[in-house]
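The data block below is target_14.pdb; it holds PDB, C-alpha atoms.
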ATOM      1  CA  MET A   1      92.245 141.577  94.473  1.00  0.00           C
ATOM      2  CA  LYS A   2      94.652 143.473  92.212  1.00  0.00           C
ATOM      3  CA  GLU A   3      94.265 144.024  88.499  1.00  0.00           C
ATOM      4  CA  THR A   4      97.168 145.239  86.404  1.00  0.00           C
ATOM      5  CA  TYR A   5      97.773 146.461  82.902  1.00  0.00           C
ATOM      6  CA  SER A   6     100.108 143.614  82.027  1.00  0.00           C
ATOM      7  CA  ALA A   7     103.327 143.863  80.074  1.00  0.00           C
ATOM      8  CA  ALA A   8     103.317 140.477  78.363  1.00  0.00           C
ATOM      9  CA  PRO A   9     103.547 140.487  74.543  1.00  0.00           C
ATOM     10  CA  SER A  10     100.763 139.191  72.325  1.00  0.00           C
ATOM     11  CA  PRO A  11     101.107 135.452  71.632  1.00  0.00           C
ATOM     12  CA  THR A  12     100.300 136.020  67.963  1.00  0.00           C
ATOM     13  CA  GLY A  13     101.472 139.573  67.453  1.00  0.00           C
ATOM     14  CA  ARG A  14      98.190 140.339  65.656  1.00  0.00           C
ATOM     15  CA  LEU A  15      94.745 141.536  66.574  1.00  0.00           C
ATOM     16  CA  GLU A  16      92.229 138.748  66.305  1.00  0.00           C
ATOM     17  CA  THR A  17      88.603 138.980  65.197  1.00  0.00           C
ATOM     18  CA  ARG A  18      86.096 137.583  67.658  1.00  0.00           C
ATOM     19  CA  HIS A  19      82.325 137.862  67.635  1.00  0.00           C
ATOM     20  CA  ARG A  20      80.315 138.309  70.812  1.00  0.00           C
ATOM     21  CA  SER A  21      76.592 138.161  71.433  1.00  0.00           C
ATOM     22  CA  GLU A  22      76.626 141.742  72.713  1.00  0.00           C
ATOM     23  CA  GLU A  23      75.145 143.838  69.901  1.00  0.00           C
ATOM     24  CA  GLU A  24      76.397 147.383  69.445  1.00  0.00           C
ATOM     25  CA  PRO A  25      73.912 149.837  71.016  1.00  0.00           C
ATOM     26  CA  PRO A  26      72.451 152.671  68.922  1.00  0.00           C
ATOM     27  CA  THR A  27      74.421 155.171  70.997  1.00  0.00           C
ATOM     28  CA  ALA A  28      77.529 154.388  73.041  1.00  0.00           C
ATOM     29  CA  ASP A  29      78.653 155.980  76.306  1.00  0.00           C
ATOM     30  CA  THR A  30      82.046 157.091  75.031  1.00  0.00           C
ATOM     31  CA  VAL A  31      83.591 156.315  71.645  1.00  0.00           C
ATOM     32  CA  PHE A  32      87.289 156.699  70.782  1.00  0.00           C
ATOM     33  CA  THR A  33      89.468 156.028  67.750  1.00  0.00           C
ATOM     34  CA  LEU A  34      92.585 154.080  68.782  1.00  0.00           C
ATOM     35  CA  ARG A  35      96.145 154.358  67.491  1.00  0.00           C
ATOM     36  CA  ASP A  36      95.575 151.648  64.867  1.00  0.00           C
ATOM     37  CA  GLY A  37      92.340 153.245  63.626  1.00  0.00           C
ATOM     38  CA  SER A  38      89.998 150.794  65.356  1.00  0.00           C
ATOM     39  CA  VAL A  39      87.074 152.087  67.407  1.00  0.00           C
ATOM     40  CA  ALA A  40      86.776 151.561  71.171  1.00  0.00           C
ATOM     41  CA  VAL A  41      83.632 152.003  73.245  1.00  0.00           C
ATOM     42  CA  ILE A  42      83.847 152.633  76.997  1.00  0.00           C
ATOM     43  CA  ARG A  43      80.824 152.249  79.260  1.00  0.00           C
ATOM     44  CA  ASP A  44      79.953 151.411  82.852  1.00  0.00           C
ATOM     45  CA  LEU A  45      80.483 147.797  83.847  1.00  0.00           C
ATOM     46  CA  THR A  46      77.283 146.064  85.016  1.00  0.00           C
ATOM     47  CA  ALA A  47      76.282 142.857  86.774  1.00  0.00           C
ATOM     48  CA  GLU A  48      75.429 141.420  83.339  1.00  0.00           C
ATOM     49  CA  ASP A  49      79.085 141.602  82.270  1.00  0.00           C
ATOM     50  CA  LYS A  50      80.301 138.433  84.004  1.00  0.00           C
ATOM     51  CA  SER A  51      80.733 136.621  80.675  1.00  0.00           C
ATOM     52  CA  SER A  52      82.705 139.597  79.329  1.00  0.00           C
ATOM     53  CA  LEU A  53      85.138 139.393  82.235  1.00  0.00           C
ATOM     54  CA  ASN A  54      85.535 135.657  81.656  1.00  0.00           C
ATOM     55  CA  GLU A  55      86.268 136.272  77.985  1.00  0.00           C
ATOM     56  CA  ILE A  56      88.924 138.851  78.804  1.00  0.00           C
ATOM     57  CA  MET A  57      90.459 136.394  81.265  1.00  0.00           C
ATOM     58  CA  ASP A  58      90.522 133.697  78.560  1.00  0.00           C
ATOM     59  CA  HIS A  59      92.633 135.960  76.333  1.00  0.00           C
ATOM     60  CA  LEU A  60      95.312 136.816  78.882  1.00  0.00           C
ATOM     61  CA  SER A  61      98.684 135.087  78.632  1.00  0.00           C
ATOM     62  CA  PRO A  62     100.078 133.313  81.729  1.00  0.00           C
ATOM     63  CA  ASP A  63     102.451 136.251  82.279  1.00  0.00           C
ATOM     64  CA  SER A  64      99.550 138.688  82.131  1.00  0.00           C
ATOM     65  CA  VAL A  65      97.555 136.616  84.607  1.00  0.00           C
ATOM     66  CA  TYR A  66     100.502 136.585  86.992  1.00  0.00           C
ATOM     67  CA  MET A  67     100.896 140.342  86.701  1.00  0.00           C
ATOM     68  CA  ARG A  68      97.215 140.730  87.446  1.00  0.00           C
ATOM     69  CA  PHE A  69      96.726 138.269  90.324  1.00  0.00           C
ATOM     70  CA  LEU A  70     100.300 137.691  91.534  1.00  0.00           C
ATOM     71  CA  THR A  71      99.593 133.982  91.208  1.00  0.00           C
ATOM     72  CA  ALA A  72      98.598 131.423  88.587  1.00  0.00           C
ATOM     73  CA  LYS A  73      94.876 131.441  87.807  1.00  0.00           C
ATOM     74  CA  VAL A  74      92.754 129.987  85.017  1.00  0.00           C
ATOM     75  CA  ARG A  75      89.255 131.326  85.675  1.00  0.00           C
ATOM     76  CA  LEU A  76      87.545 133.781  87.978  1.00  0.00           C
ATOM     77  CA  SER A  77      85.458 132.138  90.660  1.00  0.00           C
ATOM     78  CA  SER A  78      81.755 132.934  90.972  1.00  0.00           C
ATOM     79  CA  LYS A  79      82.579 134.917  94.103  1.00  0.00           C
ATOM     80  CA  GLU A  80      85.212 136.950  92.248  1.00  0.00           C
ATOM     81  CA  LEU A  81      82.860 137.585  89.341  1.00  0.00           C
ATOM     82  CA  ALA A  82      80.211 138.855  91.736  1.00  0.00           C
ATOM     83  CA  TYR A  83      82.743 141.103  93.481  1.00  0.00           C
ATOM     84  CA  PHE A  84      83.974 142.564  90.196  1.00  0.00           C
ATOM     85  CA  THR A  85      80.557 143.151  88.582  1.00  0.00           C
ATOM     86  CA  GLU A  86      77.879 143.600  91.264  1.00  0.00           C
ATOM     87  CA  ILE A  87      78.999 147.096  92.180  1.00  0.00           C
ATOM     88  CA  ASP A  88      77.396 150.404  93.129  1.00  0.00           C
ATOM     89  CA  GLN A  89      79.280 152.627  90.607  1.00  0.00           C
ATOM     90  CA  LYS A  90      79.825 155.067  93.459  1.00  0.00           C
ATOM     91  CA  HIS A  91      82.316 153.648  95.954  1.00  0.00           C
ATOM     92  CA  HIS A  92      83.288 150.892  93.517  1.00  0.00           C
ATOM     93  CA  VAL A  93      83.402 152.240  89.958  1.00  0.00           C
ATOM     94  CA  ALA A  94      84.276 150.072  86.962  1.00  0.00           C
ATOM     95  CA  LEU A  95      84.442 150.649  83.211  1.00  0.00           C
ATOM     96  CA  LEU A  96      84.379 148.137  80.357  1.00  0.00           C
ATOM     97  CA  ALA A  97      86.286 148.819  77.130  1.00  0.00           C
ATOM     98  CA  SER A  98      85.173 147.049  73.956  1.00  0.00           C
ATOM     99  CA  ILE A  99      86.363 147.092  70.353  1.00  0.00           C
ATOM    100  CA  ARG A 100      83.829 147.540  67.561  1.00  0.00           C
ATOM    101  CA  GLN A 101      84.015 144.633  65.091  1.00  0.00           C
ATOM    102  CA  ASP A 102      81.389 144.085  62.380  1.00  0.00           C
ATOM    103  CA  ASN A 103      78.530 145.695  64.361  1.00  0.00           C
ATOM    104  CA  HIS A 104      79.529 143.774  67.489  1.00  0.00           C
ATOM    105  CA  LEU A 105      81.379 144.942  70.576  1.00  0.00           C
ATOM    106  CA  VAL A 106      84.209 142.675  71.723  1.00  0.00           C
ATOM    107  CA  PRO A 107      85.188 143.214  75.403  1.00  0.00           C
ATOM    108  CA  VAL A 108      88.943 143.716  75.751  1.00  0.00           C
ATOM    109  CA  GLY A 109      89.620 145.651  78.947  1.00  0.00           C
ATOM    110  CA  VAL A 110      88.427 146.717  82.383  1.00  0.00           C
ATOM    111  CA  ALA A 111      89.433 149.507  84.736  1.00  0.00           C
ATOM    112  CA  ARG A 112      88.099 150.271  88.193  1.00  0.00           C
ATOM    113  CA  TYR A 113      88.615 152.200  91.363  1.00  0.00           C
ATOM    114  CA  ILE A 114      87.473 151.277  94.863  1.00  0.00           C
ATOM    115  CA  GLN A 115      87.357 153.847  97.643  1.00  0.00           C
ATOM    116  CA  ASN A 116      89.501 152.605 100.507  1.00  0.00           C
ATOM    117  CA  THR A 117      89.403 155.294 103.207  1.00  0.00           C
ATOM    118  CA  PRO A 118      86.583 156.305 105.581  1.00  0.00           C
ATOM    119  CA  ALA A 119      86.726 159.866 104.252  1.00  0.00           C
ATOM    120  CA  GLY A 120      86.268 158.605 100.691  1.00  0.00           C
ATOM    121  CA  ASP A 121      89.118 160.777  99.380  1.00  0.00           C
ATOM    122  CA  GLU A 122      91.374 157.897  98.309  1.00  0.00           C
ATOM    123  CA  ALA A 123      90.723 154.952  95.987  1.00  0.00           C
ATOM    124  CA  GLU A 124      92.649 151.954  94.724  1.00  0.00           C
ATOM    125  CA  VAL A 125      92.822 151.866  90.931  1.00  0.00           C
ATOM    126  CA  ALA A 126      93.285 148.749  88.789  1.00  0.00           C
ATOM    127  CA  PHE A 127      93.413 147.766  85.099  1.00  0.00           C
ATOM    128  CA  THR A 128      93.261 144.695  82.876  1.00  0.00           C
ATOM    129  CA  ILE A 129      93.821 144.862  79.113  1.00  0.00           C
ATOM    130  CA  GLU A 130      93.891 141.814  76.847  1.00  0.00           C
ATOM    131  CA  ASP A 131      97.349 141.033  75.458  1.00  0.00           C
ATOM    132  CA  ASN A 132      96.346 141.527  71.812  1.00  0.00           C
ATOM    133  CA  TYR A 133      94.918 144.989  72.521  1.00  0.00           C
ATOM    134  CA  GLN A 134      97.742 146.522  74.530  1.00  0.00           C
ATOM    135  CA  ASN A 135      99.753 149.475  73.193  1.00  0.00           C
ATOM    136  CA  LEU A 136      96.718 150.948  71.405  1.00  0.00           C
ATOM    137  CA  GLY A 137      95.887 153.601  74.012  1.00  0.00           C
ATOM    138  CA  ILE A 138      93.029 151.764  75.765  1.00  0.00           C
ATOM    139  CA  GLY A 139      94.682 151.967  79.185  1.00  0.00           C
ATOM    140  CA  THR A 140      95.309 155.690  78.747  1.00  0.00           C
ATOM    141  CA  LEU A 141      91.666 156.304  77.824  1.00  0.00           C
ATOM    142  CA  LEU A 142      90.392 154.249  80.763  1.00  0.00           C
ATOM    143  CA  LEU A 143      92.665 156.028  83.229  1.00  0.00           C
ATOM    144  CA  LYS A 144      91.583 159.442  81.956  1.00  0.00           C
ATOM    145  CA  LYS A 145      87.903 158.473  82.236  1.00  0.00           C
ATOM    146  CA  LEU A 146      88.374 157.060  85.756  1.00  0.00           C
ATOM    147  CA  THR A 147      90.233 160.212  86.768  1.00  0.00           C
ATOM    148  CA  GLN A 148      87.367 162.393  85.535  1.00  0.00           C
ATOM    149  CA  LEU A 149      84.873 160.341  87.565  1.00  0.00           C
ATOM    150  CA  ALA A 150      87.094 160.362  90.650  1.00  0.00           C
ATOM    151  CA  PHE A 151      87.607 164.137  90.438  1.00  0.00           C
ATOM    152  CA  GLN A 152      83.836 164.656  90.257  1.00  0.00           C
ATOM    153  CA  ALA A 153      83.396 162.348  93.285  1.00  0.00           C
ATOM    154  CA  GLY A 154      85.876 164.326  95.392  1.00  0.00           C
ATOM    155  CA  ILE A 155      88.587 161.662  95.374  1.00  0.00           C
ATOM    156  CA  LYS A 156      92.040 163.200  95.763  1.00  0.00           C
ATOM    157  CA  THR A 157      94.376 160.217  95.438  1.00  0.00           C
ATOM    158  CA  PHE A 158      94.601 156.980  93.463  1.00  0.00           C
ATOM    159  CA  THR A 159      96.685 154.156  94.909  1.00  0.00           C
ATOM    160  CA  ALA A 160      97.955 150.991  93.236  1.00  0.00           C
ATOM    161  CA  LEU A 161     100.201 148.031  94.039  1.00  0.00           C
ATOM    162  CA  VAL A 162     102.421 147.212  91.054  1.00  0.00           C
ATOM    163  CA  LEU A 163     105.197 144.688  90.460  1.00  0.00           C
ATOM    164  CA  PRO A 164     108.493 146.399  89.503  1.00  0.00           C
ATOM    165  CA  GLU A 165     108.653 144.398  86.256  1.00  0.00           C
ATOM    166  CA  ASN A 166     105.211 145.608  85.184  1.00  0.00           C
ATOM    167  CA  ARG A 167     106.621 148.325  82.931  1.00  0.00           C
ATOM    168  CA  LYS A 168     103.360 148.888  81.035  1.00  0.00           C
ATOM    169  CA  MET A 169     101.535 149.806  84.224  1.00  0.00           C
ATOM    170  CA  LEU A 170     104.337 152.067  85.417  1.00  0.00           C
ATOM    171  CA  ASN A 171     104.526 153.779  82.020  1.00  0.00           C
ATOM    172  CA  LEU A 172     100.755 154.264  81.998  1.00  0.00           C
ATOM    173  CA  PHE A 173     100.911 156.044  85.339  1.00  0.00           C
ATOM    174  CA  GLY A 174     104.093 157.939  84.489  1.00  0.00           C
ATOM    175  CA  ASN A 175     102.599 159.331  81.283  1.00  0.00           C
ATOM    176  CA  SER A 176      99.259 160.276  82.841  1.00  0.00           C
ATOM    177  CA  HIS A 177     100.236 163.839  83.839  1.00  0.00           C
ATOM    178  CA  LEU A 178      99.166 162.988  87.390  1.00  0.00           C
ATOM    179  CA  ALA A 179     101.750 163.677  90.094  1.00  0.00           C
ATOM    180  CA  MET A 180     103.109 160.259  91.133  1.00  0.00           C
ATOM    181  CA  THR A 181     105.040 158.955  94.099  1.00  0.00           C
ATOM    182  CA  ARG A 182     106.170 155.377  94.623  1.00  0.00           C
ATOM    183  CA  THR A 183     107.701 153.412  97.466  1.00  0.00           C
ATOM    184  CA  THR A 184     108.840 149.794  97.700  1.00  0.00           C
ATOM    185  CA  ASN A 185     107.115 147.660 100.344  1.00  0.00           C
ATOM    186  CA  SER A 186     108.654 144.797 102.304  1.00  0.00           C
ATOM    187  CA  ALA A 187     107.559 142.273  99.640  1.00  0.00           C
ATOM    188  CA  GLY A 188     109.321 144.201  96.883  1.00  0.00           C
ATOM    189  CA  ALA A 189     106.152 145.536  95.218  1.00  0.00           C
ATOM    190  CA  LEU A 190     105.736 149.204  94.383  1.00  0.00           C
ATOM    191  CA  GLU A 191     103.103 151.216  96.223  1.00  0.00           C
ATOM    192  CA  ILE A 192     101.976 153.945  93.834  1.00  0.00           C
ATOM    193  CA  LYS A 193     100.124 157.145  94.681  1.00  0.00           C
ATOM    194  CA  LEU A 194      98.661 159.467  92.030  1.00  0.00           C
ATOM    195  CA  THR A 195      97.297 162.925  92.837  1.00  0.00           C
ATOM    196  CA  ILE A 196      93.921 163.429  91.136  1.00  0.00           C
ATOM    197  CA  CYS A 197      93.353 166.527  89.019  1.00  0.00           C
ATOM    198  CA  ASP A 198      90.753 167.629  86.482  1.00  0.00           C
ATOM    199  CA  GLN A 199      91.084 165.541  83.281  1.00  0.00           C
ATOM    200  CA  THR A 200      88.214 167.080  81.312  1.00  0.00           C
ATOM    201  CA  ALA A 201      90.550 168.939  78.957  1.00  0.00           C
TER     202      ALA A 201
END
Could you quickly redo this structure as structure tokens?
Amino acid sequence: MKETYSAAPSPTGRLETRHRSEEEPPTADTVFTLRDGSVAVIRDLTAEDKSSLNEIMDHLSPDSVYMRFLTAKVRLSSKELAYFTEIDQKHHVALLASIRQDNHLVPVGVARYIQNTPAGDEAEVAFTIEDNYQNLGIGTLLLKKLTQLAFQAGIKTFTALVLPENRKMLNLFGNSHLAMTRTTNSAGALEIKLTICDQTA
């Protein structure tokens, strides 16, 4: 199952205000100020975040969904939701990004890596950012945080499968300061490899 940071434009061109039942905690894991001045909170994804993933899915355009799943899809199945949320945060690590709105946190993005070699030194990385919240720096923040966690876990390489037209994803990787190589597979998709380095600075 691939997730991508999709390149589709916002249907409205504006950020929308939505209210979720998730109250803002007294202290957040990691708090950032985005390019537009809004505040993002990044924390570990948990098994209780199934509704958050569904909400993010509901706010993806058809182009974004295609970039993410390489096929048309309306909702995540219960099996997919379990796979994406019931994780050990060791071999399968996932982060949830939310925007602070009126003392509520609105989920807008997810990033994850999944170790995919017996030695545990390589992991597949994947991203999903809602259309209306792209180009604000959320993907960059999530990638930096994932890279920090991967470095601490002894992971040396991130891999990803990206469509050539997914310019946002390619730009995210290209601007990450991680050494990148890419090859084209027989289906025409790009196989990306990123060399992990310390991102604590």
*Give me the result of the PyMOL selection byres ((chain A and resi 45-53) around 7) on this file, residue by residue, as a PyMOL selection string.*
chain A and resi 43-44+54-57+81+85-86+94-96+107
Would you list the residues near (91.9, 159.3, 84.7) (no more than 9 Å away, in the coordinates of the file, using all atoms listed in the file) as a PDB file with C-alpha atoms, in the frame of the given file?
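Writing done, so here's point-v1.pdb:
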ATOM      1  CA  THR A 140      95.309 155.690  78.747  1.00  0.00           C
ATOM      2  CA  LEU A 141      91.666 156.304  77.824  1.00  0.00           C
ATOM      3  CA  LEU A 142      90.392 154.249  80.763  1.00  0.00           C
ATOM      4  CA  LEU A 143      92.665 156.028  83.229  1.00  0.00           C
ATOM      5  CA  LYS A 144      91.583 159.442  81.956  1.00  0.00           C
ATOM      6  CA  LYS A 145      87.903 158.473  82.236  1.00  0.00           C
ATOM      7  CA  LEU A 146      88.374 157.060  85.756  1.00  0.00           C
ATOM      8  CA  THR A 147      90.233 160.212  86.768  1.00  0.00           C
ATOM      9  CA  GLN A 148      87.367 162.393  85.535  1.00  0.00           C
ATOM     10  CA  LEU A 149      84.873 160.341  87.565  1.00  0.00           C
ATOM     11  CA  ALA A 150      87.094 160.362  90.650  1.00  0.00           C
ATOM     12  CA  PHE A 151      87.607 164.137  90.438  1.00  0.00           C
ATOM     13  CA  SER A 176      99.259 160.276  82.841  1.00  0.00           C
ATOM     14  CA  LEU A 178      99.166 162.988  87.390  1.00  0.00           C
ATOM     15  CA  ILE A 196      93.921 163.429  91.136  1.00  0.00           C
ATOM     16  CA  CYS A 197      93.353 166.527  89.019  1.00  0.00           C
ATOM     17  CA  ASP A 198      90.753 167.629  86.482  1.00  0.00           C
ATOM     18  CA  GLN A 199      91.084 165.541  83.281  1.00  0.00           C
TER      19      GLN A 199
END
_What would the selection look like, as number ranges by chain, if the PyMOL selection byres ((chain A and resi 34) around 12) were run on the coordinates I just shared?_
A: 31-33, 35-41, 97-100, 133-141
_Need the shell around Thr195 (chain A): protein/DNA/RNA residues with any atom at most 12 Å away, counting only C-alpha atoms. Skip same-chain ones fewer than 2 positions apart. Format as a list of chain:residue names?_
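Those residues are A:Asp121, A:Glu122, A:Ala123, A:Thr147, A:Ala150, A:Phe151, A:Gly154, A:Ile155, A:Lys156, A:Thr157, A:Phe158, A:Thr159, A:Ala160, A:Phe173, A:Gly174, A:Ser176, A:His177, A:Leu178, A:Ala179, A:Met180, A:Thr181, A:Arg182, A:Ile192, A:Lys193, A:Cys197, A:Asp198, A:Gln199.
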*Selected residue of minimal separation from Asp131 (chain A) among A:Ala119, A:Val65, A:Leu172, A:Leu161, counting all atoms listed in the file*: A:Val65
*By how many Å are CA of Ile42 (chain A) and CA of Asp29 (chain A) apart?*
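One can read the CA of Ile42 (chain A) to CA of Asp29 (chain A) distance as 6.2 Å.
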Six-sided padding of 8 Å per side, axis-aligned box over region 32-47 of chain A, centre and edges in Å, one decimal, as AutoDock Vina command-line options:
--center_x 86.2 --center_y 149.8 --center_z 75.2 --size_x 35.9 --size_y 29.8 --size_z 39.1
